[in-house]
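Engineer: Just passing along the structure, written as structure tokens.
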Amino acid sequence: MSIFGSIMEKIFHPANAATPGGDKPGATPASGSPAASPASPVDVEQVLTQLASQKGGGGNWKTSIVDLLKLLDLDSSLSARKELANELSIHAGADGSAEENIALHAGVMQKLAENGGKVPDSLKTHA
């Protein structure tokens, strides 16, 4: 599965993410099916805020791609971020630079919105 696919799976189907007590009524496993096409948009900010509170903070996931990936228990290494940038065709600044990381975070949020997520504008752009 792609890195972005893993991000979508963890946000759109948190009951499948093997979290204790994470079963939600009516949740169905997405075994092999695309993560998008929820009946109603998934509130990305709410899901991530709840996950951060369960984990005792979640760092600065609202602006940091590294903290966002760590919150989702995904690889946040430079090579993983380079792979994610290639998946999303985001090429801003040098690999690992603040410019690239900011663009990558905004790009992930924009892509989540395009795939059925409800994402506030404040998370899709960073001034």
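Residue names in the structure tokens use chain letters A, B, ... in the order shown, residue numbers from 1 in each chain, and ligand numbers from 1 in the order shown.
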Give me, as number ranges by chain, all polymer residues having an atom no more than 10 Å from Ser89 of chain A, counting only C-alpha atoms and skipping those fewer than 4 positions away in the same chain.

Structural biologist: A: 83-85, 104, 107

Engineer: Just N, CA, C and O atoms for this one: save the residues we selected as a compact mmCIF listing (two decimals), in the first residue's frame.

Structural biologist:
```
# COMPACT_ATOMS: atom_id res chain seq x y z
N GLU A 83 9.24 9.60 -0.65
CA GLU A 83 8.32 8.71 -1.36
C GLU A 83 6.91 9.31 -1.41
O GLU A 83 6.25 9.29 -2.46
N LEU A 84 6.46 9.86 -0.29
CA LEU A 84 5.14 10.50 -0.24
C LEU A 84 5.09 11.71 -1.18
O LEU A 84 4.10 11.90 -1.90
N ALA A 85 6.14 12.50 -1.19
CA ALA A 85 6.20 13.66 -2.08
C ALA A 85 6.11 13.21 -3.54
O ALA A 85 5.40 13.84 -4.35
N LEU A 104 4.28 19.49 1.68
CA LEU A 104 3.84 18.10 1.77
C LEU A 104 2.65 17.97 2.72
O LEU A 104 1.66 17.29 2.41
N GLY A 107 -0.31 19.42 1.00
CA GLY A 107 -0.71 18.53 -0.08
C GLY A 107 -1.46 17.31 0.41
O GLY A 107 -2.44 16.88 -0.21
```

Engineer: Find the residues near Leu74 of chain A: any atom within 8 Å, counting only C-alpha atoms, skip ones fewer than 4 places away on the same chain, and give them as a ChimeraX atom specification.

Structural biologist: /A:6-7,69-70

Engineer: Find the residues near segment 108-115 of chain A: any atom within 9 Å, counting only C-alpha atoms, skip ones fewer than 3 places away on the same chain, and give them as a ChimeraX atom specification.

Structural biologist: /A:4,7-8,35-37,41,44,65,84,88,103-105,118-121,123-125

Engineer: Near Leu72 of chain A, within 12 Å and counting only C-alpha atoms, which residues show up once chain neighbours fewer than 6 positions away are dropped, as an mmCIF file with C-alpha atoms, in the first residue's frame?

Structural biologist:
```
data_model
loop_
_atom_site.group_PDB
_atom_site.id
_atom_site.type_symbol
_atom_site.label_atom_id
_atom_site.label_comp_id
_atom_site.auth_asym_id
_atom_site.auth_seq_id
_atom_site.Cartn_x
_atom_site.Cartn_y
_atom_site.Cartn_z
ATOM 1 C CA ILE A 3 2.068 5.879 2.045
ATOM 2 C CA PHE A 4 -0.874 8.112 1.167
ATOM 3 C CA SER A 6 -1.948 4.157 4.562
ATOM 4 C CA ILE A 7 -2.746 7.705 5.711
ATOM 5 C CA MET A 8 -6.238 7.446 4.240
ATOM 6 C CA GLU A 9 -6.828 4.023 5.793
ATOM 7 C CA LYS A 10 -5.841 5.238 9.269
ATOM 8 C CA ILE A 11 -8.024 8.357 9.046
ATOM 9 C CA PHE A 12 -11.055 7.084 7.114
ATOM 10 C CA HIS A 13 -11.199 3.654 8.784
ATOM 11 C CA PRO A 14 -9.810 4.111 12.315
ATOM 12 C CA ALA A 17 -6.250 0.485 12.607
ATOM 13 C CA ALA A 18 -5.988 -2.100 15.422
ATOM 14 C CA THR A 19 -6.565 0.378 18.233
ATOM 15 C CA VAL A 47 -10.430 12.134 13.797
ATOM 16 C CA LEU A 48 -6.862 13.414 14.205
ATOM 17 C CA THR A 49 -7.715 15.528 17.266
ATOM 18 C CA GLN A 50 -9.327 12.503 18.930
ATOM 19 C CA LEU A 51 -6.334 10.311 18.066
ATOM 20 C CA ALA A 52 -3.945 12.950 19.439
ATOM 21 C CA GLN A 54 -5.762 9.325 23.037
ATOM 22 C CA LYS A 55 -1.992 9.433 22.530
ATOM 23 C CA GLY A 58 0.206 14.208 18.996
ATOM 24 C CA GLY A 59 2.819 16.928 18.686
ATOM 25 C CA TRP A 61 0.269 17.469 13.612
ATOM 26 C CA ILE A 65 4.111 16.347 8.291
ATOM 27 C CA VAL A 66 6.541 14.507 10.575
#
```

Engineer: Measuring atom to atom with only C-alpha atoms, identify which of A:Ser122, A:Ser2, A:Leu78, A:Glu45 is nearest to Ala98 of chain A.

Structural biologist: A:Leu78

Engineer: Find the residue from A:Ala92, A:Met1, A:Ala80, A:Val42 that sits nearest to Ala106 of chain A; use only C-alpha atoms when measuring.

Structural biologist: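 Between A:Ala92, A:Met1, A:Ala80, A:Val42, the residue approaching Ala106 of chain A most closely is A:Ala92.
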
Engineer: Would you mind reading off the distance between atom CA of Asp95 of chain A and atom CA of Lys82 of chain A, one decimal, in Å?

Structural biologist: 6.7 Å

Engineer: Have a look at atom CA of Leu71 of chain A and atom CA of Gly96 of chain A and let me know their distance in Å, one decimal.

Structural biologist: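 A separation of 18.6 Å between them.
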